[in-house]
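Peer 1: Quick one: the structure is below, questions incoming.
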Amino acid sequence: VPKSAAIHSATVSAPTNIACIKYWGKANTHYNTPINSSLSVSLDQCDLRAVTTASASSSFDRDRLWLNGSEVLDVSTSKRFRACVDGVRALATDKIDPNTNQVLVSKADWEGMHVHIASYNTFPTAAGLASSAAGYAALVAALVQLFGAKESYPGEFTAIARQGSGSACRSLYGGFVAWRAGGAKADWSDSIAEQVADESHWPEIRAVILVVSDAKKETSSTDGMSTSVNTSELLAFRAKEVVPKRMQIIEKAIKAKDFDAFGKVTMMDSNQFHATCLDTYPPIFYMNDVSRSVVQMIHKYNEWAGEIRAAYTFDAGPNAVLYTLDKHVVELLALVLKYYPAKSNDFVEEYVSSESLAKE
Ligand code: 2P0
């Protein structure tokens with residue numbers, strides 16, 4: 001292969017993440033920065049990932065992207081895609097042959113190449129399971145490897161991923177990850193993700209995902225949060241008065257492995273996020289009757305146990321993510337399977353009219 005036609009490739013995967021303290025609302029739409037900090041768990045032990053191959057060659061005539069095998073047309077003008085490709089390429093370094101120490105591809109060579117990106121999700125796209133988070137994180141991580149990119153300050157790659165999709169910045173790290181809202185700097189370079197504790201810190205924690213529906217959501221997060229920022233006074237109060245306190249509570253709970261405190265603040269923050277959706281005008285409904293029955297079930301379970309053994313959280317869709325500890329996972333799954341035995345909505349009525357859970 002002549003040097004000019006060589007194709008350089010890197011394949012990387014990134015996990016989805018589920019927020020315990022939610023991001024909802026943009027402070028700056030150009031830099032895609034949030035009105036409040038947020039905190040999530042990266043689901044890096046399970047198969048909810050985006051797997052992305054990034055290739056570059058001077059033989060490519062334009063930038064192209066394939067998602068789950070289908071080409072996304074006109075991607076090269078997409079603002080989010082450009083921010084990621086151009087952002088990482090600006091940090092490219094020379095590719096050196098380790099044996100001869102010769103420069104195989106210089107930084108200037110990278111600048112002259114187009115990219116081809118192929119990405120696969122191992123889970124339903126746009127069903128409120130944070131597919132864009134994994135997707136943009138994998139895109140940035142694959143480009144970093146392809147271009148041998150180096151950060152000029154810690155967290156710079158997360159600031160690039162954030163411009164693809166806000167929540168994507170948190171998927172670049174494993175374990176428990178905070179996205180600091182930032183805003184002290186004019187270019188928002190302080191709006192970055194930081195690992196609060198790594199994936200080995202609290203190995204007993206488990207996430208159970210109840211897929212209530214894998215249909216595409218009706219209101220995109222970007223549109224929904226824009227309407228919320230413009231109309232919900234509760235959202236403004238939440239961002240300023242509530243979330244800063246909750247960030248402190250949850251970081252302390254994670255460091256101390258205090259599931260009771262972690263679970264309580266996670267459930268309260270999910271509820272407040274959905275309350276701000278209801279407070280949006282016109283209102284946005286992401287949770288449905290099945291979602292609400294899961295909330296009731298978890299509260300009954302914790303009441304019966306006399307402690308918090310499971311915590312629910314819901315994103316921009318009806319699916320429930322339950323956090324629990326490994327010692328309770330069998331009990332929790334037995335409960336879930338009892339009340340949600342089949343692909344039917346019949347159980348909702350049965351559950352709501354039933355007072356028997358506590359006895360069982
Ligand atoms: C979160 N969500 O913190 C919250 C909870 C949904 C509910 O981040 O416009 O897809 O691409 O920055 O990141 C969804 O918003 O929005 C989200 P953009 P994103 O996980």
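Residues in the structure tokens are numbered from 1 in each chain, the chains being A, B, ... in the order shown, and ligands are numbered from 1 in the order shown.
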So which residues touch His30 in chain A within 12 Å, counting only C-alpha atoms, skipping near sequence neighbours fewer than 2 positions away, as a ChimeraX atom specification?
Peer 2: /A:26-28,32-34,79-80,83,162-166,186-188
Peer 1: Go ahead and dump the residues you just picked, N, CA and C atoms, as a PDB file, in the first residue's frame.
Peer 2:
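Printed below is part.pdb as written:
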ATOM      1  N   LYS A  26     -29.390  23.445  29.682  1.00  0.00           N
ATOM      2  CA  LYS A  26     -28.094  23.955  29.212  1.00  0.00           C
ATOM      3  C   LYS A  26     -27.886  25.397  29.664  1.00  0.00           C
ATOM      4  N   ALA A  27     -26.658  25.678  30.116  1.00  0.00           N
ATOM      5  CA  ALA A  27     -26.298  27.059  30.447  1.00  0.00           C
ATOM      6  C   ALA A  27     -25.845  27.776  29.177  1.00  0.00           C
ATOM      7  N   ASN A  28     -25.141  27.041  28.291  1.00  0.00           N
ATOM      8  CA  ASN A  28     -24.616  27.633  27.066  1.00  0.00           C
ATOM      9  C   ASN A  28     -24.781  26.615  25.944  1.00  0.00           C
ATOM     10  N   ASN A  32     -22.402  23.609  24.783  1.00  0.00           N
ATOM     11  CA  ASN A  32     -23.163  22.495  25.367  1.00  0.00           C
ATOM     12  C   ASN A  32     -22.776  22.235  26.822  1.00  0.00           C
ATOM     13  N   THR A  33     -22.993  23.233  27.634  1.00  0.00           N
ATOM     14  CA  THR A  33     -22.662  23.132  29.064  1.00  0.00           C
ATOM     15  C   THR A  33     -23.944  23.189  29.893  1.00  0.00           C
ATOM     16  N   PRO A  34     -23.912  22.600  31.097  1.00  0.00           N
ATOM     17  CA  PRO A  34     -25.140  22.407  31.873  1.00  0.00           C
ATOM     18  C   PRO A  34     -25.385  23.509  32.906  1.00  0.00           C
ATOM     19  N   LYS A  79     -22.821  19.732  13.705  1.00  0.00           N
ATOM     20  CA  LYS A  79     -22.019  20.508  14.669  1.00  0.00           C
ATOM     21  C   LYS A  79     -21.392  19.592  15.730  1.00  0.00           C
ATOM     22  N   ARG A  80     -22.196  18.610  16.204  1.00  0.00           N
ATOM     23  CA  ARG A  80     -21.713  17.717  17.263  1.00  0.00           C
ATOM     24  C   ARG A  80     -20.568  16.836  16.759  1.00  0.00           C
ATOM     25  N   ALA A  83     -17.417  18.945  16.176  1.00  0.00           N
ATOM     26  CA  ALA A  83     -16.754  19.330  17.431  1.00  0.00           C
ATOM     27  C   ALA A  83     -15.856  18.193  17.920  1.00  0.00           C
ATOM     28  N   ARG A 162     -18.331  16.224  25.630  1.00  0.00           N
ATOM     29  CA  ARG A 162     -19.494  16.993  26.092  1.00  0.00           C
ATOM     30  C   ARG A 162     -20.138  17.781  24.942  1.00  0.00           C
ATOM     31  N   GLN A 163     -19.313  18.199  23.979  1.00  0.00           N
ATOM     32  CA  GLN A 163     -19.869  18.936  22.843  1.00  0.00           C
ATOM     33  C   GLN A 163     -20.573  18.007  21.850  1.00  0.00           C
ATOM     34  N   GLY A 164     -20.287  16.693  21.944  1.00  0.00           N
ATOM     35  CA  GLY A 164     -21.051  15.716  21.167  1.00  0.00           C
ATOM     36  C   GLY A 164     -22.415  15.502  21.814  1.00  0.00           C
ATOM     37  N   SER A 165     -22.377  15.163  23.091  1.00  0.00           N
ATOM     38  CA  SER A 165     -23.594  15.027  23.894  1.00  0.00           C
ATOM     39  C   SER A 165     -23.166  15.231  25.338  1.00  0.00           C
ATOM     40  N   GLY A 166     -23.938  16.032  26.069  1.00  0.00           N
ATOM     41  CA  GLY A 166     -23.511  16.403  27.426  1.00  0.00           C
ATOM     42  C   GLY A 166     -23.132  15.193  28.263  1.00  0.00           C
ATOM     43  N   ALA A 186     -14.311  31.662  30.427  1.00  0.00           N
ATOM     44  CA  ALA A 186     -15.148  32.151  29.324  1.00  0.00           C
ATOM     45  C   ALA A 186     -15.369  31.086  28.252  1.00  0.00           C
ATOM     46  N   ASP A 187     -14.386  30.202  28.051  1.00  0.00           N
ATOM     47  CA  ASP A 187     -14.545  29.172  27.012  1.00  0.00           C
ATOM     48  C   ASP A 187     -15.115  27.860  27.578  1.00  0.00           C
ATOM     49  N   TRP A 188     -15.559  27.894  28.819  1.00  0.00           N
ATOM     50  CA  TRP A 188     -16.171  26.735  29.478  1.00  0.00           C
ATOM     51  C   TRP A 188     -15.233  25.524  29.526  1.00  0.00           C
TER      52      TRP A 188
END
Peer 1: Excluding Val88 in chain A and its own-chain neighbours fewer than 2 positions away, which residues fall within 9 Å of it when counting only C-alpha atoms? Please give them as a PyMOL selection string.
Peer 2: chain A and resi 83-86+90-92+140+143-144+147+149-151+157+160
Peer 1: Pull C-alpha atoms from the residues just selected and write them as a JSON list (two decimals), in the first residue's frame.
Peer 2:
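Contents of again34.json, as written:
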[["chain", "number", "residue", "atom", "x", "y", "z"],
["A", 83, "ALA", "CA", -16.75, 19.33, 17.43],
["A", 84, "CYS", "CA", -15.55, 15.81, 18.27],
["A", 85, "VAL", "CA", -13.50, 15.12, 15.12],
["A", 86, "ASP", "CA", -11.91, 18.56, 14.90],
["A", 90, "ALA", "CA", -6.34, 19.46, 17.04],
["A", 91, "LEU", "CA", -4.59, 17.48, 19.82],
["A", 92, "ALA", "CA", -3.06, 14.89, 17.44],
["A", 140, "VAL", "CA", -13.95, 10.55, 21.09],
["A", 143, "LEU", "CA", -10.32, 9.30, 17.69],
["A", 144, "VAL", "CA", -7.95, 9.85, 20.63],
["A", 147, "PHE", "CA", -4.65, 10.38, 16.29],
["A", 149, "ALA", "CA", -4.05, 12.76, 20.85],
["A", 150, "LYS", "CA", -2.69, 14.32, 24.06],
["A", 151, "GLU", "CA", -4.67, 16.55, 26.41],
["A", 157, "PHE", "CA", -11.15, 14.95, 26.15],
["A", 160, "ILE", "CA", -14.75, 17.53, 23.67]]
Peer 1: Give me, as a list in words, the set of residues whose atoms come within 7 Å of any atom of ligand 1, counting only C-alpha atoms and all ligand atoms.
Peer 2: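 The distance check yields Ile18, Ala19, Ile21, Lys22, Tyr23, Trp24, Asn32, Ser38, Ala130, Ser132, Ala133, Arg162, Gly164, Ser165, Gly166, Ser167, Ala168, Ser221, Thr222, Asp315 and Ala316 of chain A.
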Peer 1: I need the residues of range 39-203 of chain A that end up classed as alpha helix (DSSP H) by DSSP on the backbone, written out as a PyMOL selection string.
Peer 2: chain A and resi 79-89+107-111+131-147+156-164
Peer 1: Work out how far CA of Ser76 in chain A is from CA of Arg170 in chain A, in Å to one decimal.
Peer 2: 24.5 Å
Peer 1: When you count only C-alpha atoms, which of these residues is closest to Gly224 in chain A: A:Val51, A:Cys277, A:Met297, A:Ala197?
Peer 2: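 Answer, going by the shortest atom-to-atom distance: A:Cys277.
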Peer 1: What's around Lys327 in chain A at 12 Å? Count only C-alpha atoms, leave out sequence neighbours fewer than 6 positions away in its own chain, and write the answer as a ChimeraX atom specification.
Peer 2: /A:203-206,309-310,333
Peer 1: Take the residues from that selection and put them in a file with C-alpha atoms, as an mmCIF file, in the first residue's frame.
Peer 2:
data_model
loop_
_atom_site.group_PDB
_atom_site.id
_atom_site.type_symbol
_atom_site.label_atom_id
_atom_site.label_comp_id
_atom_site.auth_asym_id
_atom_site.auth_seq_id
_atom_site.Cartn_x
_atom_site.Cartn_y
_atom_site.Cartn_z
ATOM 1 C CA PRO A 203 -17.731 -3.730 43.583
ATOM 2 C CA GLU A 204 -20.870 -4.809 45.483
ATOM 3 C CA ILE A 205 -23.058 -2.294 43.691
ATOM 4 C CA ARG A 206 -25.368 -3.621 40.950
ATOM 5 C CA ARG A 309 -32.106 -2.126 49.631
ATOM 6 C CA ALA A 310 -32.896 -0.815 46.167
ATOM 7 C CA LEU A 333 -35.113 -9.942 41.003
#
Peer 1: Here is a test: counting only C-alpha atoms, which residue of A:Ile254, A:Met268, A:Leu234, A:Leu325 is nearest to Tyr281 in chain A?
Peer 2: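 Result for the nearest residue to Tyr281 in chain A: A:Leu234.
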Peer 1: Find the residues around range 235-249 of chain A up to 8 Å (only C-alpha atoms counted), leave out those fewer than 6 positions away in its own chain, and share them as a list in words.
Peer 2: Ile21, Ile35, Asn36, Ser37, Ser38, Leu39, Ser228, Val229, Ala261, Phe262, Val265 and Thr276 of chain A
Peer 1: Please identify all polymer residues within 6 Å of range 58-69 of chain A, counting only C-alpha atoms, omitting same-chain residues fewer than 5 positions from it, and present them as a ChimeraX atom specification.
Peer 2: /A:4-5,76,113-120
Peer 1: From a DSSP pass on the backbone, collect the residues of range 24-211 of chain A flagged as strand (DSSP E) and hand them back as a PyMOL selection string.
Peer 2: chain A and resi 26-28+33-34+38-42+49-57+64-67+70-72+95-96+103-105+114-121+176-179+193-197+205-210
Peer 1: Got time to write the residues from that selection, C-alpha atoms, as a compact mmCIF listing (two decimals), in the first residue's frame?
Peer 2:
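To be explicit, this is the file written out as result_28.txt:
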# COMPACT_ATOMS: atom_id res chain seq x y z
CA LYS A 26 -28.09 23.96 29.21
CA ALA A 27 -26.30 27.06 30.45
CA ASN A 28 -24.62 27.63 27.07
CA THR A 33 -22.66 23.13 29.06
CA PRO A 34 -25.14 22.41 31.87
CA SER A 38 -24.34 15.86 37.66
CA LEU A 39 -23.07 12.46 38.75
CA SER A 40 -23.42 9.03 37.18
CA VAL A 41 -22.38 5.41 37.36
CA SER A 42 -20.68 3.97 34.29
CA ARG A 49 -21.82 -0.23 25.11
CA ALA A 50 -20.99 1.53 21.89
CA VAL A 51 -18.18 -0.05 19.89
CA THR A 52 -16.57 2.36 17.46
CA THR A 53 -13.92 2.07 14.79
CA ALA A 54 -12.36 5.32 13.60
CA SER A 55 -10.26 5.29 10.44
CA ALA A 56 -8.33 8.01 8.64
CA SER A 57 -6.72 8.01 5.23
CA ARG A 64 -18.49 9.47 6.72
CA LEU A 65 -20.32 7.82 9.63
CA TRP A 66 -22.20 4.51 9.90
CA LEU A 67 -24.44 3.79 12.90
CA SER A 70 -26.54 2.40 8.18
CA GLU A 71 -24.79 5.46 6.87
CA VAL A 72 -25.74 8.78 8.46
CA LYS A 95 2.66 8.61 14.73
CA ILE A 96 6.13 7.13 15.15
CA VAL A 103 7.52 9.55 11.58
CA LEU A 104 4.83 7.46 9.86
CA VAL A 105 2.13 10.12 10.00
CA HIS A 114 -10.87 12.56 6.23
CA VAL A 115 -12.28 10.04 8.68
CA HIS A 116 -14.63 7.08 8.38
CA ILE A 117 -16.42 6.10 11.59
CA ALA A 118 -18.39 2.88 12.14
CA SER A 119 -20.27 2.53 15.43
CA TYR A 120 -22.49 -0.20 16.88
CA ASN A 121 -24.71 -0.04 19.94
CA PHE A 176 -18.56 6.97 39.64
CA VAL A 177 -18.16 10.12 37.60
CA ALA A 178 -19.04 13.76 38.26
CA TRP A 179 -19.53 16.33 35.51
CA ALA A 193 -15.96 15.17 33.91
CA GLU A 194 -13.95 13.81 36.84
CA GLN A 195 -13.82 10.37 38.36
CA VAL A 196 -15.11 10.43 41.95
CA ALA A 197 -14.27 6.75 42.59
CA ILE A 205 -23.06 -2.29 43.69
CA ARG A 206 -25.37 -3.62 40.95
CA ALA A 207 -27.62 -2.05 38.34
CA VAL A 208 -30.77 -3.85 37.23
CA ILE A 209 -32.40 -2.42 34.12
CA LEU A 210 -36.11 -2.89 33.58
Peer 1: Record the distance separating CA of Glu331 in chain A and CA of Ala311 in chain A, expressed in Å with one decimal.
Peer 2: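 Distance between the two atoms: 13.7 Å.
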Peer 1: Could you tell me which of A:Leu73, A:Pro341, A:Asp94, A:Leu146 comes closest to Thr11 in chain A if we count only C-alpha atoms?
Peer 2: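 The shortest atom-to-atom distance to Thr11 in chain A comes from A:Leu146.
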Peer 1: Work out how far apart CA of Asn230 in chain A and CA of Gly183 in chain A are and give it in Å to one decimal.
Peer 2: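 We find that CA of Asn230 in chain A and CA of Gly183 in chain A lie 19.5 Å from each other.
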